[in-house]
Amino acid sequence: MHHYVEKMMLVPEYLPQFQCIGPDCEDHCCKGWYVSVDKKSYLALKESSNPVVAPLVAHGISRNRGPQAGERQYAKAKQDEETGCCIMFSTDKLCHIQKELGEGYLPHTCSIYPRYTRQLFGIYQQSLTFSCPEAARKGLMLTEPMQFVEAKIRVREELIEKTVTKHAEDAALANDIRFFCINLLQHRTIPLWQRIAVLGYFCEQADQLRQQNQHANIPQLIESLIDSLGTEEWPQLFAAIQANISDKVNAALSLLLLQQLRSSAEYYRKVLGLVLTSLGVEEDKFDIAKSTARYQAALELGARDFLIQHEFILENLLVNDAFTNGFPFASGKSWFDGWLWLFAFYEMVVCSWVGLFASFGQKMDTDTAVTATQSLVKSFQHAPDAYKKMIVDVFKQKGFSTLANNLPLLKPE
């Protein structure tokens with residue numbers, strides 16, 4: 001079956017402590033997902049004569065015949081019409097394939113989730129997606145800045161995504177840029193929204209240097225930004241910004257409504273429904289004046305303090321995403337477009353927390369914030385790249401195509 005290798009990898013500190021909690025998971029990964037089956041797993045499962053698995057394979061796994069079919073998407077597993085769970089999901093909330101045949105027979109999709117394994121610019125790394133509730137609890141709840149450690153990881157070699165450069169010095173510069181961005185997001189001497197703003201400035205300026213074929217000047221830009229963080233330059237700039245809460249709420253709610261929020265657990269659907277209802281969204285429509293008034297009232301009632309006290313959760317969310325996806329390189333040609341997506345997702349999470357506080361008041365707690373964040377990750381960060389591009393395009397169409405235009409939205413109040 002599938003071949004496994006062991007490699008020393010750079011991982012977030014929470015990863016070695018993570019373990020799937022199986023049947024105890026409240027939003028398990030065997031429900032509500034399209035499960036693709038790779039060719040090697042498909043052929044091995046078709047050959048199995050196991051009395052439990054064989055009938056399920058014959059009935060529930062079929063070939064993909066469309067143009068997108070390939071080695072990774074060779075076949076697909078059906079979902080049970082009543083439960084919405086994978087056909088291989090047993091009544092005791094375990095996988096028939098793993099129980100009967102072992103881990104080696106699992107499709108790639110099931111073997112890797114919630115892990116992302118990559119070789120980025122010479123560095124092997126693995127992290128977790130916070131769409132998994134247990135992964136979210138492990139990673140989001142770190143109160144100190146997230147650290148990265150080396151660990152021996154066992155993985156299917158064909159699942160390691162690789163991003164390389166032609167020259168070693170290019171890889172070294174790429175890694176310097178990556179970890180500058182992560183360290184900037186963790187620079188706790190200033191509020192998180194200001195760190196996000198400085199990161200946007202870096203991406204905007206770096207894009208200009210790249211367009212002018214002046215990549216060699218990016219380290220100088222990084223050095224100047226590091227030096228400026230210890231001066232009054234940024235505080236003076238931020239103090240002069242006039243916050244625009246109306247545009248902030250309008251943008252966040254518009255983005256939340258672009259895609260139907262999906263979660264397989266009723267509790268999550270209820271919580272996210274509360275966000276929209278408490279901020280005045282009715283039948284996918286809202287009056288911006290009323291929604292803004294409710295948002296500001298929630299801030300006054302205590303949401304402001306809640307956001308400040310739980311800023312570490314939002315920081316961990318952004319840091320994990322930046323590490324996992326190789327920010328800013330994952331965004332392609334425009335690093336600032338990648339920043340726009342990160343910023344947009346941050347605003348959606350903040351808006352959701354405020355909406356929940358409007359519903360729960362002082363009963364709003366850390367677990368609820370983590371739950372809502374996990375559900376948003378599942379709904380939005382697993383969306384296709386085309387959807388993420390649409391989010392960025394919506395921002396640009398609304399006039400938020402530059403950092404200067406986004407700063408009034410980013411400032412809390």
# chains A, B, ... in the order shown; residues from 1 in each chain; ligands from 1

call {"tool": "closest_atom_pairs", "arguments": {"of": "segment 68-136 of chain A", "to": "segment 381-389 of chain A", "cutoff": "10 Å", "atoms": "only C-alpha atoms", "output": "Markdown table"}}
result
| residue | atom | partner | partner_atom | distance |
| --- | --- | --- | --- | --- |
| A:Thr129 | CA | A:Gln381 | CA | 8.9 |
| A:Phe130 | CA | A:Gln381 | CA | 9.3 |
| A:Ser131 | CA | A:Gln381 | CA | 8.2 |

call {"tool": "residues_around", "arguments": {"residues": "Met9 of chain A", "least_positions_apart": "4", "cutoff": "12 Å", "atoms": "only C-alpha atoms", "output": "NGL selection string"}}
result
:A and (5 or 13 or 15-16 or 116-120 or 122-127 or 148-155 or 160)

call {"tool": "write_last_selection", "arguments": {"atoms": "C-alpha atoms", "output": "tab-separated table (two decimals), in the first residue's frame"}}
result
chain	number	residue	atom	x	y	z
A	5	VAL	CA	8.72	8.20	5.26
A	13	GLU	CA	4.53	23.75	19.14
A	15	LEU	CA	1.27	19.83	16.80
A	16	PRO	CA	3.10	17.13	18.82
A	116	TYR	CA	-0.69	20.13	5.88
A	117	THR	CA	2.76	18.81	4.98
A	118	ARG	CA	5.03	20.90	2.76
A	119	GLN	CA	8.56	21.53	1.71
A	120	LEU	CA	8.76	25.27	1.40
A	122	GLY	CA	14.08	23.81	1.51
A	123	ILE	CA	12.24	23.54	4.85
A	124	TYR	CA	10.07	20.52	5.56
A	125	GLN	CA	7.12	21.57	7.69
A	126	GLN	CA	3.77	20.34	8.95
A	127	SER	CA	0.88	22.18	10.59
A	148	PHE	CA	8.03	26.45	16.14
A	149	VAL	CA	10.01	23.32	16.95
A	150	GLU	CA	11.56	20.38	15.12
A	151	ALA	CA	9.82	17.01	15.27
A	152	LYS	CA	10.11	13.68	13.49
A	153	ILE	CA	7.03	13.28	11.30
A	154	ARG	CA	5.78	10.12	9.58
A	155	VAL	CA	3.98	10.93	6.35
A	160	ILE	CA	4.44	16.48	0.64

call {"tool": "select_by_dssp", "arguments": {"residues": "segment 105-317 of chain A", "states": "strand (DSSP E)", "output": "JSON, numbers by chain"}}
result
{"A": [115, 116, 117, 118, 119, 120, 123, 124, 125, 126, 127, 128, 148, 149, 150, 151, 152, 153, 154, 155, 156, 161, 162, 163]}

call {"tool": "closest_residue", "arguments": {"among": "A:Leu314, A:Ile222, A:Ala344, A:Leu299", "to": "Leu253 of chain A", "atoms": "only C-alpha atoms"}}
result
A:Ala344

call {"tool": "residues_around", "arguments": {"residues": "segment 352-365 of chain A", "least_positions_apart": "3", "cutoff": "9 Å", "atoms": "only C-alpha atoms", "output": "PyMOL selection string"}}
result
chain A and resi 252-253+271-272+274-279+294-299+301-304+306-307+347-349+368-370+372-373+376

call {"tool": "write_last_selection", "arguments": {"atoms": "N, CA and C atoms", "output": "PDB file, in the first residue's frame"}}
result
ATOM      1  N   ALA A 252     -17.702  43.257   6.492  1.00  0.00           N
ATOM      2  CA  ALA A 252     -17.672  41.946   7.135  1.00  0.00           C
ATOM      3  C   ALA A 252     -18.961  41.164   6.884  1.00  0.00           C
ATOM      4  N   LEU A 253     -20.108  41.805   7.051  1.00  0.00           N
ATOM      5  CA  LEU A 253     -21.373  41.103   6.830  1.00  0.00           C
ATOM      6  C   LEU A 253     -21.557  40.730   5.367  1.00  0.00           C
ATOM      7  N   VAL A 271     -24.968  28.848  16.390  1.00  0.00           N
ATOM      8  CA  VAL A 271     -24.105  29.936  16.848  1.00  0.00           C
ATOM      9  C   VAL A 271     -23.881  30.952  15.739  1.00  0.00           C
ATOM     10  N   LEU A 272     -23.578  30.466  14.545  1.00  0.00           N
ATOM     11  CA  LEU A 272     -23.311  31.386  13.443  1.00  0.00           C
ATOM     12  C   LEU A 272     -24.581  32.089  12.986  1.00  0.00           C
ATOM     13  N   LEU A 274     -26.810  33.030  15.076  1.00  0.00           N
ATOM     14  CA  LEU A 274     -26.951  34.084  16.079  1.00  0.00           C
ATOM     15  C   LEU A 274     -26.141  35.322  15.710  1.00  0.00           C
ATOM     16  N   VAL A 275     -24.969  35.107  15.119  1.00  0.00           N
ATOM     17  CA  VAL A 275     -24.122  36.233  14.703  1.00  0.00           C
ATOM     18  C   VAL A 275     -24.902  37.143  13.762  1.00  0.00           C
ATOM     19  N   LEU A 276     -25.491  36.534  12.742  1.00  0.00           N
ATOM     20  CA  LEU A 276     -26.192  37.312  11.727  1.00  0.00           C
ATOM     21  C   LEU A 276     -27.468  37.942  12.287  1.00  0.00           C
ATOM     22  N   THR A 277     -28.224  37.161  13.049  1.00  0.00           N
ATOM     23  CA  THR A 277     -29.481  37.676  13.600  1.00  0.00           C
ATOM     24  C   THR A 277     -29.233  38.832  14.562  1.00  0.00           C
ATOM     25  N   SER A 278     -28.235  38.681  15.434  1.00  0.00           N
ATOM     26  CA  SER A 278     -27.977  39.712  16.441  1.00  0.00           C
ATOM     27  C   SER A 278     -27.485  41.009  15.819  1.00  0.00           C
ATOM     28  N   LEU A 279     -26.935  40.921  14.601  1.00  0.00           N
ATOM     29  CA  LEU A 279     -26.473  42.136  13.919  1.00  0.00           C
ATOM     30  C   LEU A 279     -27.475  42.608  12.862  1.00  0.00           C
ATOM     31  N   ARG A 294     -26.032  48.123  16.337  1.00  0.00           N
ATOM     32  CA  ARG A 294     -25.975  46.912  17.172  1.00  0.00           C
ATOM     33  C   ARG A 294     -24.528  46.513  17.443  1.00  0.00           C
ATOM     34  N   TYR A 295     -23.679  46.655  16.450  1.00  0.00           N
ATOM     35  CA  TYR A 295     -22.260  46.336  16.599  1.00  0.00           C
ATOM     36  C   TYR A 295     -21.637  47.234  17.668  1.00  0.00           C
ATOM     37  N   GLN A 296     -21.886  48.524  17.575  1.00  0.00           N
ATOM     38  CA  GLN A 296     -21.315  49.470  18.538  1.00  0.00           C
ATOM     39  C   GLN A 296     -21.888  49.266  19.938  1.00  0.00           C
ATOM     40  N   ALA A 297     -23.167  48.911  20.027  1.00  0.00           N
ATOM     41  CA  ALA A 297     -23.771  48.648  21.332  1.00  0.00           C
ATOM     42  C   ALA A 297     -23.106  47.435  21.989  1.00  0.00           C
ATOM     43  N   ALA A 298     -22.812  46.404  21.193  1.00  0.00           N
ATOM     44  CA  ALA A 298     -22.142  45.216  21.727  1.00  0.00           C
ATOM     45  C   ALA A 298     -20.746  45.566  22.238  1.00  0.00           C
ATOM     46  N   LEU A 299     -20.049  46.447  21.519  1.00  0.00           N
ATOM     47  CA  LEU A 299     -18.733  46.892  21.976  1.00  0.00           C
ATOM     48  C   LEU A 299     -18.837  47.548  23.345  1.00  0.00           C
ATOM     49  N   LEU A 301     -21.121  47.095  25.592  1.00  0.00           N
ATOM     50  CA  LEU A 301     -21.557  46.142  26.604  1.00  0.00           C
ATOM     51  C   LEU A 301     -20.435  45.243  27.102  1.00  0.00           C
ATOM     52  N   GLY A 302     -19.311  45.209  26.375  1.00  0.00           N
ATOM     53  CA  GLY A 302     -18.189  44.370  26.821  1.00  0.00           C
ATOM     54  C   GLY A 302     -17.444  43.662  25.723  1.00  0.00           C
ATOM     55  N   ALA A 303     -17.952  43.701  24.483  1.00  0.00           N
ATOM     56  CA  ALA A 303     -17.263  43.023  23.382  1.00  0.00           C
ATOM     57  C   ALA A 303     -15.880  43.617  23.144  1.00  0.00           C
ATOM     58  N   ARG A 304     -15.751  44.929  23.379  1.00  0.00           N
ATOM     59  CA  ARG A 304     -14.453  45.585  23.206  1.00  0.00           C
ATOM     60  C   ARG A 304     -13.413  44.933  24.114  1.00  0.00           C
ATOM     61  N   PHE A 306     -13.613  42.028  25.569  1.00  0.00           N
ATOM     62  CA  PHE A 306     -13.457  40.616  25.201  1.00  0.00           C
ATOM     63  C   PHE A 306     -12.456  40.465  24.057  1.00  0.00           C
ATOM     64  N   LEU A 307     -12.545  41.324  23.052  1.00  0.00           N
ATOM     65  CA  LEU A 307     -11.619  41.271  21.918  1.00  0.00           C
ATOM     66  C   LEU A 307     -10.184  41.514  22.375  1.00  0.00           C
ATOM     67  N   GLU A 347     -11.369  40.243   9.700  1.00  0.00           N
ATOM     68  CA  GLU A 347     -12.544  41.093   9.949  1.00  0.00           C
ATOM     69  C   GLU A 347     -13.811  40.254  10.109  1.00  0.00           C
ATOM     70  N   MET A 348     -13.923  39.153   9.361  1.00  0.00           N
ATOM     71  CA  MET A 348     -15.091  38.297   9.495  1.00  0.00           C
ATOM     72  C   MET A 348     -15.131  37.643  10.873  1.00  0.00           C
ATOM     73  N   VAL A 349     -13.976  37.219  11.362  1.00  0.00           N
ATOM     74  CA  VAL A 349     -13.929  36.594  12.684  1.00  0.00           C
ATOM     75  C   VAL A 349     -14.263  37.620  13.769  1.00  0.00           C
ATOM     76  N   THR A 368     -16.695  29.592  23.270  1.00  0.00           N
ATOM     77  CA  THR A 368     -17.590  30.050  22.205  1.00  0.00           C
ATOM     78  C   THR A 368     -16.800  30.742  21.096  1.00  0.00           C
ATOM     79  N   ALA A 369     -15.810  31.547  21.475  1.00  0.00           N
ATOM     80  CA  ALA A 369     -14.974  32.230  20.482  1.00  0.00           C
ATOM     81  C   ALA A 369     -14.202  31.232  19.642  1.00  0.00           C
ATOM     82  N   VAL A 370     -13.648  30.203  20.283  1.00  0.00           N
ATOM     83  CA  VAL A 370     -12.895  29.174  19.550  1.00  0.00           C
ATOM     84  C   VAL A 370     -13.821  28.391  18.635  1.00  0.00           C
ATOM     85  N   ALA A 372     -16.685  29.389  17.252  1.00  0.00           N
ATOM     86  CA  ALA A 372     -17.074  30.216  16.116  1.00  0.00           C
ATOM     87  C   ALA A 372     -15.927  30.342  15.121  1.00  0.00           C
ATOM     88  N   THR A 373     -14.708  30.495  15.610  1.00  0.00           N
ATOM     89  CA  THR A 373     -13.548  30.624  14.733  1.00  0.00           C
ATOM     90  C   THR A 373     -13.322  29.345  13.947  1.00  0.00           C
ATOM     91  N   LEU A 376     -15.844  29.109  11.164  1.00  0.00           N
ATOM     92  CA  LEU A 376     -15.532  30.024  10.064  1.00  0.00           C
ATOM     93  C   LEU A 376     -14.374  29.506   9.220  1.00  0.00           C
TER      94      LEU A 376
END

call {"tool": "closest_residue", "arguments": {"among": "A:Pro12, A:Pro219, A:Gly60, A:Gly200", "to": "Phe343 of chain A", "atoms": "only C-alpha atoms"}}
result
A:Gly200

call {"tool": "residues_around", "arguments": {"residues": "Arg188 of chain A", "least_positions_apart": "4", "cutoff": "12 Å", "atoms": "only C-alpha atoms", "output": "compact mmCIF listing (two decimals) with N, CA and C atoms, in the first residue's frame"}}
result
# COMPACT_ATOMS: atom_id res chain seq x y z
N THR A 143 -1.54 30.97 24.88
CA THR A 143 -1.57 32.35 25.35
C THR A 143 -0.26 33.09 25.09
N GLU A 144 0.84 32.36 24.94
CA GLU A 144 2.11 32.96 24.58
C GLU A 144 2.30 32.86 23.07
N PRO A 145 3.14 33.72 22.46
CA PRO A 145 3.35 33.65 21.01
C PRO A 145 3.71 32.23 20.56
N MET A 146 3.08 31.78 19.50
CA MET A 146 3.29 30.44 18.98
C MET A 146 4.76 30.22 18.59
N ILE A 182 5.71 36.39 10.09
CA ILE A 182 5.20 35.71 11.27
C ILE A 182 5.62 36.46 12.54
N ASN A 183 6.88 36.85 12.61
CA ASN A 183 7.36 37.58 13.79
C ASN A 183 6.65 38.92 13.95
N LEU A 184 6.34 39.54 12.82
CA LEU A 184 5.62 40.82 12.87
C LEU A 184 4.22 40.63 13.47
N LEU A 192 -2.81 44.04 17.80
CA LEU A 192 -2.80 43.17 16.62
C LEU A 192 -3.22 43.92 15.36
N TRP A 193 -4.23 44.79 15.46
CA TRP A 193 -4.69 45.47 14.25
C TRP A 193 -3.58 46.33 13.67
N GLN A 194 -2.71 46.88 14.52
CA GLN A 194 -1.60 47.69 14.03
C GLN A 194 -0.54 46.80 13.38
N ARG A 195 -0.31 45.61 13.93
CA ARG A 195 0.62 44.67 13.30
C ARG A 195 0.13 44.27 11.91
N ILE A 196 -1.18 44.06 11.80
CA ILE A 196 -1.75 43.71 10.50
C ILE A 196 -1.55 44.86 9.52
N LEU A 229 9.50 50.10 14.22
CA LEU A 229 8.56 49.63 15.24
C LEU A 229 8.91 50.15 16.63
N ILE A 308 -9.99 42.46 23.25
CA ILE A 308 -8.65 42.77 23.74
C ILE A 308 -8.09 41.60 24.55
N GLU A 311 -7.19 38.58 22.23
CA GLU A 311 -6.45 38.91 21.00
C GLU A 311 -5.47 37.81 20.62
N PHE A 312 -4.99 37.05 21.61
CA PHE A 312 -4.03 35.97 21.34
C PHE A 312 -4.64 34.91 20.43
N GLU A 315 -4.42 36.26 16.93
CA GLU A 315 -3.01 36.22 16.53
C GLU A 315 -2.62 34.80 16.11

call {"tool": "atom_distance", "arguments": {"atom1": "atom CA of Tyr268 of chain A", "atom2": "atom CA of Ser375 of chain A"}}
result
6.6 Å

call {"tool": "atom_distance", "arguments": {"atom1": "atom CA of Ala322 of chain A", "atom2": "atom CA of Leu140 of chain A"}}
result
13.9 Å

call {"tool": "residues_around", "arguments": {"residues": "segment 334-342 of chain A", "least_positions_apart": "2", "cutoff": "10 Å", "atoms": "only C-alpha atoms", "output": "JSON, numbers by chain"}}
result
{"A": [196, 197, 199, 200, 201, 202, 203, 204, 205, 206, 207, 208, 210, 211, 317, 318, 321, 322, 327, 328, 329, 330, 331, 332, 344, 345, 346, 347, 381, 388, 389, 390, 391, 392, 393, 395, 396, 400, 401, 402, 403, 406]}

call {"tool": "closest_residue", "arguments": {"among": "A:Ser224, A:Ser41, A:Ser246, A:Ser36", "to": "Asn64 of chain A", "atoms": "only C-alpha atoms"}}
result
A:Ser36

call {"tool": "atom_distance", "arguments": {"atom1": "atom CA of Phe179 of chain A", "atom2": "atom CA of Asn217 of chain A"}}
result
17.0 Å
